[in-house]
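S.K.: The following file, entry-v8.cif, comprises mmCIF, C-alpha atoms and all ligand atoms:
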```cif
data_query
#
loop_
_atom_site.label_atom_id
_atom_site.label_comp_id
_atom_site.auth_asym_id
_atom_site.auth_seq_id
_atom_site.Cartn_x
_atom_site.Cartn_y
_atom_site.Cartn_z
CA MET A 15 99.41 115.77 125.46
CA ARG A 16 102.18 116.03 122.89
CA LEU A 17 100.97 116.24 119.28
CA ASP A 18 103.54 116.11 116.46
CA VAL A 19 102.74 116.57 112.77
CA PHE A 20 105.14 115.63 109.94
CA THR A 21 104.45 117.37 106.65
CA LEU A 22 105.85 118.93 103.49
CA VAL A 23 103.70 122.03 104.08
CA PRO A 24 104.47 123.31 107.60
CA ASP A 25 102.91 126.72 106.80
CA ALA A 26 99.51 125.04 106.70
CA PHE A 27 99.60 124.78 110.49
CA ALA A 28 100.43 128.41 111.37
CA TRP A 29 96.93 129.83 111.86
CA ILE A 30 95.56 127.01 113.97
CA ARG A 31 97.90 127.87 116.86
CA GLU A 32 96.32 131.33 117.15
CA ARG A 33 92.71 130.19 117.25
CA ARG A 34 90.65 128.34 119.84
CA PRO A 35 90.66 125.53 120.76
CA LEU A 36 94.43 125.20 120.21
CA ALA A 37 95.30 128.66 121.50
CA ALA A 38 93.52 127.87 124.77
CA VAL A 39 95.52 124.71 125.53
CA LEU A 40 98.90 125.40 123.89
CA GLY A 41 101.70 125.37 126.44
CA ARG A 42 99.32 123.93 129.05
CA GLU A 43 97.47 120.73 128.14
CA LEU A 44 99.04 120.59 124.69
CA GLU A 45 102.52 120.70 123.20
CA PHE A 46 102.16 121.04 119.41
CA ASN A 47 105.08 120.56 117.02
CA VAL A 48 105.29 120.62 113.22
CA PHE A 49 108.20 118.96 111.40
CA ASN A 50 109.14 119.21 107.74
CA TYR A 51 110.40 115.98 106.13
CA ARG A 52 112.76 118.11 104.01
CA ASP A 53 114.68 119.31 107.09
CA THR A 54 115.96 115.81 107.88
CA THR A 55 115.95 114.06 104.51
CA PRO A 56 119.10 111.98 103.92
CA LEU A 57 118.83 112.74 100.17
CA SER A 58 120.39 115.66 98.39
CA ALA A 59 118.61 118.85 97.34
CA GLY A 60 115.75 118.28 99.79
CA GLN A 61 114.42 115.27 97.89
CA VAL A 62 111.67 113.39 99.74
CA ASP A 63 109.85 111.34 97.12
CA ASP A 64 110.50 109.21 94.08
CA ASP A 65 108.92 107.49 91.08
CA PRO A 66 106.77 104.45 91.86
CA TYR A 67 108.35 101.04 91.20
CA GLY A 68 106.38 99.34 88.45
CA GLY A 69 105.73 102.66 86.75
CA GLY A 70 102.76 104.95 86.70
CA PRO A 71 102.12 108.61 87.38
CA GLY A 72 102.93 110.60 90.51
CA MET A 73 105.58 110.56 93.19
CA VAL A 74 105.70 108.41 96.32
CA LEU A 75 106.94 109.59 99.75
CA ARG A 76 110.09 107.57 100.52
CA VAL A 77 110.39 105.25 103.52
CA ASP A 78 114.01 106.29 104.26
CA VAL A 79 112.92 109.94 104.38
CA VAL A 80 110.10 109.29 106.86
CA ALA A 81 112.32 106.99 108.97
CA ALA A 82 115.00 109.71 109.10
CA ALA A 83 112.41 112.31 110.17
CA LEU A 84 111.10 110.06 112.97
CA ASP A 85 114.65 109.13 114.10
CA ALA A 86 115.66 112.80 114.21
CA VAL A 87 112.78 113.65 116.54
CA TYR A 88 112.43 110.49 118.67
CA GLY A 89 115.88 108.87 118.43
CA GLU A 90 114.38 105.42 118.67
CA ARG A 91 111.05 103.81 117.83
CA PRO A 92 108.36 106.12 119.29
CA ASP A 93 106.55 104.58 122.28
CA HIS A 94 103.25 106.20 121.27
CA ARG A 95 100.77 105.95 118.38
CA VAL A 96 102.08 107.02 114.98
CA VAL A 97 99.20 107.72 112.60
CA ALA A 98 99.48 107.89 108.83
CA LEU A 99 96.74 109.99 107.22
CA SER A 100 95.36 108.20 104.19
CA PRO A 101 91.98 107.91 102.47
CA GLN A 102 92.42 104.15 102.86
CA GLY A 103 92.49 104.19 106.68
CA ARG A 104 89.97 103.74 109.50
CA GLN A 105 87.44 106.50 109.19
CA LEU A 106 87.67 109.23 111.83
CA ASP A 107 84.58 109.56 114.02
CA GLN A 108 83.90 111.04 117.45
CA GLU A 109 84.63 107.72 119.17
CA LEU A 110 88.10 107.62 117.62
CA VAL A 111 88.65 111.31 118.45
CA GLU A 112 87.86 110.61 122.14
CA GLU A 113 90.26 107.65 122.04
CA LEU A 114 93.08 109.74 120.53
CA ALA A 115 92.49 112.59 122.99
CA GLU A 116 93.30 110.16 125.85
CA GLU A 117 96.79 109.47 124.46
CA PRO A 118 99.76 111.16 126.16
CA ALA A 119 101.44 111.63 122.77
CA LEU A 120 100.42 111.29 119.14
CA THR A 121 102.26 111.60 115.83
CA LEU A 122 100.48 112.41 112.56
CA LEU A 123 102.17 111.72 109.23
CA SER A 124 100.88 113.40 106.10
CA ALA A 125 101.85 112.76 102.51
CA ARG A 126 101.17 114.41 99.15
CA PHE A 127 101.04 113.27 95.50
CA GLU A 128 100.58 109.46 95.27
CA GLY A 129 101.01 109.03 99.02
CA PHE A 130 103.21 106.82 101.22
CA ASP A 131 105.56 103.99 100.31
CA GLN A 132 103.60 101.03 101.76
CA ARG A 133 106.54 100.16 104.06
CA ILE A 134 105.90 103.39 105.99
CA LEU A 135 102.40 102.15 106.84
CA ASP A 136 103.56 98.58 107.49
CA HIS A 137 106.61 99.28 109.66
CA LEU A 138 106.66 102.87 110.94
CA CYS A 139 103.01 103.45 111.85
CA THR A 140 100.56 102.01 114.38
CA ASP A 141 97.40 103.39 112.73
CA VAL A 142 96.11 104.59 109.39
CA ILE A 143 93.28 107.14 109.61
CA SER A 144 91.06 108.68 106.94
CA ILE A 145 88.88 111.76 107.44
CA GLY A 146 86.36 110.50 104.91
CA PRO A 147 85.83 108.48 101.73
CA TYR A 148 87.17 111.05 99.30
CA VAL A 149 90.67 111.99 98.13
CA LEU A 150 92.33 115.28 99.07
CA SER A 151 95.60 116.49 97.58
CA GLY A 152 97.58 116.17 100.79
CA GLY A 153 97.44 115.14 104.42
CA GLU A 154 97.52 118.68 105.82
CA ILE A 155 93.76 119.24 105.87
CA PRO A 156 93.20 115.77 107.40
CA ALA A 157 95.91 116.51 110.00
CA LEU A 158 94.28 119.85 110.83
CA ALA A 159 90.95 118.07 111.26
CA VAL A 160 92.47 115.57 113.70
CA VAL A 161 94.41 118.27 115.58
CA ASP A 162 91.32 120.44 116.00
CA ALA A 163 88.98 117.58 116.95
CA VAL A 164 91.47 116.21 119.50
CA ALA A 165 92.48 119.61 120.95
CA ARG A 166 88.87 120.58 121.70
CA ARG A 167 88.54 117.46 123.90
CA LEU A 168 91.45 118.54 126.13
CA PRO A 169 90.68 120.14 129.50
CA GLY A 170 90.32 123.93 129.22
CA ALA A 171 89.97 123.98 125.43
CA LEU A 172 86.35 125.11 125.44
CA SER A 173 84.36 127.40 127.68
CA ALA A 174 82.68 125.53 130.54
CA GLY A 175 79.94 123.16 129.42
CA SER A 176 80.11 123.85 125.69
CA GLY A 177 81.77 120.55 124.76
CA GLU A 178 79.46 118.36 126.82
CA ILE A 179 76.17 118.57 124.93
CA GLU A 180 76.94 118.45 121.24
CA SER A 181 76.50 116.09 118.31
CA PHE A 182 77.79 112.54 119.01
CA SER A 183 78.21 113.21 122.74
CA ALA A 184 77.10 110.75 125.43
CA ALA A 185 74.73 113.46 126.75
CA LEU A 186 72.73 113.08 123.50
CA ASP A 187 73.15 109.29 123.38
CA GLY A 188 75.60 109.71 120.50
CA GLY A 189 72.94 111.49 118.40
CA LEU A 190 72.82 114.90 116.73
CA GLU A 191 72.46 118.18 118.55
CA TYR A 192 69.12 120.07 118.56
CA PRO A 193 68.75 123.29 116.50
CA HIS A 194 69.88 126.65 117.85
CA TYR A 195 68.37 130.11 117.30
CA THR A 196 69.40 133.61 118.35
CA ARG A 197 68.13 137.22 117.90
CA PRO A 198 66.21 138.55 116.09
CA ALA A 199 63.15 136.50 117.06
CA GLU A 200 61.73 137.20 113.60
CA PHE A 201 63.62 137.87 110.34
CA ARG A 202 61.92 138.09 106.92
CA GLY A 203 58.94 136.35 108.49
CA TRP A 204 61.13 133.45 109.68
CA THR A 205 60.28 132.91 113.31
CA VAL A 206 61.89 131.16 116.24
CA PRO A 207 59.97 128.24 117.84
CA GLU A 208 57.70 129.76 120.51
CA ILE A 209 58.88 127.36 123.18
CA LEU A 210 62.41 128.81 123.12
CA LEU A 211 60.99 132.23 124.03
CA SER A 212 58.78 130.84 126.81
CA GLY A 213 61.37 130.93 129.62
CA ASP A 214 60.15 127.45 130.69
CA HIS A 215 63.47 125.62 131.06
CA GLY A 216 61.88 122.23 131.62
CA ARG A 217 59.82 122.40 128.42
CA VAL A 218 62.79 123.79 126.49
CA ALA A 219 64.94 120.85 127.66
CA GLU A 220 62.23 118.35 126.63
CA TRP A 221 61.78 120.06 123.22
CA ARG A 222 65.52 119.90 122.64
CA ARG A 223 65.65 116.19 123.53
CA GLU A 224 62.81 115.52 121.07
CA GLN A 225 64.50 117.54 118.32
CA SER A 226 67.78 115.71 118.88
CA ARG A 227 66.05 112.31 118.76
CA ALA A 228 64.15 113.25 115.58
CA ARG A 229 67.30 114.46 113.81
CA SER A 230 69.29 111.45 114.91
CA GLY A 231 66.55 109.12 113.72
CA ASP A 232 66.47 110.91 110.35
CA GLN A 233 70.23 110.55 110.08
CA LEU A 234 70.15 106.83 110.93
CA GLY A 235 67.29 106.31 108.49
CA ALA A 236 69.22 108.09 105.73
CA SER A 237 72.40 106.05 106.17
C1 LIG B 301 96.31 112.42 96.60
S1 LIG B 301 96.37 111.62 98.14
C2 LIG B 301 96.90 109.99 97.71
C3 LIG B 301 95.78 109.07 97.38
C4 LIG B 301 96.26 107.64 97.10
N1 LIG B 301 97.03 107.61 95.89
C5 LIG B 301 95.04 106.74 96.98
O1 LIG B 301 94.50 106.62 95.88
O2 LIG B 301 94.59 106.18 97.98
C6 LIG B 301 97.79 112.30 98.90
C7 LIG B 301 97.78 112.26 100.42
O3 LIG B 301 96.75 113.08 100.92
C8 LIG B 301 96.30 112.58 102.18
N2 LIG B 301 94.86 112.32 102.07
C9 LIG B 301 94.09 112.50 100.98
N3 LIG B 301 92.82 112.20 101.22
C10 LIG B 301 92.74 111.85 102.53
C11 LIG B 301 91.69 111.44 103.38
N4 LIG B 301 90.43 111.33 102.94
N5 LIG B 301 91.98 111.16 104.67
C12 LIG B 301 93.25 111.25 105.13
N6 LIG B 301 94.30 111.62 104.36
C13 LIG B 301 94.05 111.92 103.08
C14 LIG B 301 97.12 111.35 102.48
O4 LIG B 301 98.22 111.71 103.32
C15 LIG B 301 97.57 110.92 101.09
O5 LIG B 301 98.72 110.12 101.11
#
```
So, in terms of structure tokens, how does the structure I just supplied come out?

M.R.:
Amino acid sequence: MRLDVFTLVPDAFAWIRERRPLAAVLGRELEFNVFNYRDTTPLSAGQVDDDPYGGGPGMVLRVDVVAAALDAVYGERPDHRVVALSPQGRQLDQELVEELAEEPALTLLSARFEGFDQRILDHLCTDVISIGPYVLSGGEIPALAVVDAVARRLPGALSAGSGEIESFSAALDGGLEYPHYTRPAEFRGWTVPEILLSGDHGRVAEWRREQSRARSGDQLGAS
């Protein structure tokens, strides 16, 4: 998969290359590129945004700047999904992550300040995605969330088996994962459920299924 991010803060993406899951798939299942709108802006002095028409506070990322950035990288209209990150988009969930991880290529556009000129969303993008119903200061954290969630679904990203039984997976019927415990078996009087120390794998598996169902039911009831 090829994953391209366009941003005004390329430094925000440095560390993620060195950590799993990205480090495990980079150069194999994943090509990851970060582009700075300022490097290709057609405006002078690295300008990328402007005052909103109609007045009001903040600066708006310009459509000609984003078009120039996309043209510089793809030459023509990209033949893959181009996703704008915005709090107004379709909310990211595991189903959408699985869908994106199947794509051969994906472009993520982030903005800052007031956000995108609407024509970017209307004419240059195929999707608008939000990571949740709250407003962050820029699209870098949302882009990192998408990159991480997608990368860990690629073959070889995780150690064998660890991505198969987890929250929202088909193995748990889309529900939440059961609780985990590790040593010590007792700490400050806080104990581990006896069954996990029993060595009875069948009963442990059944206990975990029950815990997952109970948590998932609680979550559904709360929403
Ligand atoms: C301060 S926000 C702009 C918010 C916009 N003025 C609004 O009210 O909808 C700046 C940028 O951060 C990113 N952003 C902020 N919150 C986000 C979220 N929940 N999901 C995805 N992107 C987000 C987007 O790229 C957005 O254009």

S.K.: List as number ranges by chain the protein and nucleic acid residues near stretch 92-106 of chain A, meaning an atom at most 8 Å away when all atoms listed in the file are counted, but skip any in the same chain fewer than 4 places from it.

M.R.: A: 84, 88, 110-111, 117-125, 129, 135, 138-149, 153, 156-157

S.K.: Could you name the residues that touch A:Ser173 at 12 Å or less, counting all atoms listed in the file, but leaving out those on the same chain fewer than 6 positions away, as a ChimeraX atom specification?

M.R.: /A:34-35,38-39,166-167

S.K.: Go ahead and save the picked residues with C-alpha atoms, as a PDB file, in the coordinates of the input.

M.R.:
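Dumped to part-v2.pdb:
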```pdb
ATOM      1  CA  ARG A  34      90.650 128.340 119.840  1.00  0.00           C
ATOM      2  CA  PRO A  35      90.660 125.530 120.760  1.00  0.00           C
ATOM      3  CA  ALA A  38      93.520 127.870 124.770  1.00  0.00           C
ATOM      4  CA  VAL A  39      95.520 124.710 125.530  1.00  0.00           C
ATOM      5  CA  ARG A 166      88.870 120.580 121.700  1.00  0.00           C
ATOM      6  CA  ARG A 167      88.540 117.460 123.900  1.00  0.00           C
TER       7      ARG A 167
END
```

S.K.: So that I can see what lies close to A:Asp65, please list as a JSON list (two decimals) with C-alpha atoms, keeping the file's coordinate frame the residues with an atom at most 10 Å from it, counting only C-alpha atoms and leaving out residues fewer than 2 positions away in the same chain.

M.R.:
```json
[["chain", "number", "residue", "atom", "x", "y", "z"],
["A", 63, "ASP", "CA", 109.85, 111.34, 97.12],
["A", 67, "TYR", "CA", 108.35, 101.04, 91.20],
["A", 68, "GLY", "CA", 106.38, 99.34, 88.45],
["A", 69, "GLY", "CA", 105.73, 102.66, 86.75],
["A", 70, "GLY", "CA", 102.76, 104.95, 86.70],
["A", 71, "PRO", "CA", 102.12, 108.61, 87.38],
["A", 72, "GLY", "CA", 102.93, 110.60, 90.51],
["A", 73, "MET", "CA", 105.58, 110.56, 93.19],
["A", 74, "VAL", "CA", 105.70, 108.41, 96.32],
["A", 75, "LEU", "CA", 106.94, 109.59, 99.75],
["A", 76, "ARG", "CA", 110.09, 107.57, 100.52],
["A", 128, "GLU", "CA", 100.58, 109.46, 95.27]]
```

S.K.: Atom CA of A:Thr21 and atom CA of A:Val48 are how many Å apart?

M.R.: 7.4 Å

S.K.: Expressed in Å to a single decimal, how great is the separation between atom CA of A:Leu186 and atom CA of A:Ala228?

M.R.: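 Taking atom CA of A:Leu186 and atom CA of A:Ala228, their separation equals 11.7 Å.
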
S.K.: When you look at stretch 23-27 of chain A with a cut-off of 12 Å (counting all atoms listed in the file), what residues show up, excluding the ones that are within fewer than 6 positions of it in the same chain? I need them as JSON, numbers by chain.

M.R.: {"A": [33, 36, 46, 47, 48, 49, 50, 51, 52, 53, 123, 124, 125, 126, 151, 152, 153, 154, 155, 156, 157, 158, 159, 161, 162]}

S.K.: Got time to write the residues from that selection, C-alpha atoms, as a PDB file, keeping the file's coordinate frame?

M.R.:
```pdb
ATOM      1  CA  ARG A  33      92.710 130.190 117.250  1.00  0.00           C
ATOM      2  CA  LEU A  36      94.430 125.200 120.210  1.00  0.00           C
ATOM      3  CA  PHE A  46     102.160 121.040 119.410  1.00  0.00           C
ATOM      4  CA  ASN A  47     105.080 120.560 117.020  1.00  0.00           C
ATOM      5  CA  VAL A  48     105.290 120.620 113.220  1.00  0.00           C
ATOM      6  CA  PHE A  49     108.200 118.960 111.400  1.00  0.00           C
ATOM      7  CA  ASN A  50     109.140 119.210 107.740  1.00  0.00           C
ATOM      8  CA  TYR A  51     110.400 115.980 106.130  1.00  0.00           C
ATOM      9  CA  ARG A  52     112.760 118.110 104.010  1.00  0.00           C
ATOM     10  CA  ASP A  53     114.680 119.310 107.090  1.00  0.00           C
ATOM     11  CA  LEU A 123     102.170 111.720 109.230  1.00  0.00           C
ATOM     12  CA  SER A 124     100.880 113.400 106.100  1.00  0.00           C
ATOM     13  CA  ALA A 125     101.850 112.760 102.510  1.00  0.00           C
ATOM     14  CA  ARG A 126     101.170 114.410  99.150  1.00  0.00           C
ATOM     15  CA  SER A 151      95.600 116.490  97.580  1.00  0.00           C
ATOM     16  CA  GLY A 152      97.580 116.170 100.790  1.00  0.00           C
ATOM     17  CA  GLY A 153      97.440 115.140 104.420  1.00  0.00           C
ATOM     18  CA  GLU A 154      97.520 118.680 105.820  1.00  0.00           C
ATOM     19  CA  ILE A 155      93.760 119.240 105.870  1.00  0.00           C
ATOM     20  CA  PRO A 156      93.200 115.770 107.400  1.00  0.00           C
ATOM     21  CA  ALA A 157      95.910 116.510 110.000  1.00  0.00           C
ATOM     22  CA  LEU A 158      94.280 119.850 110.830  1.00  0.00           C
ATOM     23  CA  ALA A 159      90.950 118.070 111.260  1.00  0.00           C
ATOM     24  CA  VAL A 161      94.410 118.270 115.580  1.00  0.00           C
ATOM     25  CA  ASP A 162      91.320 120.440 116.000  1.00  0.00           C
TER      26      ASP A 162
END
```

S.K.: From the set A:Leu22, A:Val87, A:Ile179, A:Ala81, which residue has the shortest atom-to-atom contact distance to ligand LIG 301 (chain B), counting all atoms listed in the file?

M.R.: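 Closest residue, counting all atoms listed in the file: A:Leu22.
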
S.K.: Looking at only C-alpha atoms, which of A:Gly231, A:Gly89, A:Pro198, A:Pro169 is the one that sits closest to A:Arg42?

M.R.: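 Of the candidates, the smallest distance to A:Arg42 is held by A:Pro169.
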
S.K.: Could you check the closest approach to ligand LIG 301 (chain B) for each of A:Asp131, A:Asp214, A:Glu224, A:Glu180 and tell me which residue wins, using all atoms listed in the file?

M.R.: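 Distance minimum relative to ligand LIG 301 (chain B) lands on A:Asp131.
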
S.K.: When you draw a straight line from atom CA of A:Leu168 to atom CA of A:Leu114, how long is it in Å?

M.R.: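 Going from atom CA of A:Leu168 over to atom CA of A:Leu114 covers 10.6 Å.
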
S.K.: Near A:Thr55, within 7 Å and counting all atoms listed in the file, which residues show up once chain neighbours fewer than 3 positions away are dropped, as a PyMOL selection string?

M.R.: chain A and resi 51-52+60-62+79+82-83

S.K.: Looking at A:Asp18, A:Glu43, A:Trp29, A:Arg227, which one is nearest to A:Ser181, with distances taken over all atoms listed in the file?

M.R.: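 With all atoms listed in the file as the atom set, the closest residue is A:Arg227.
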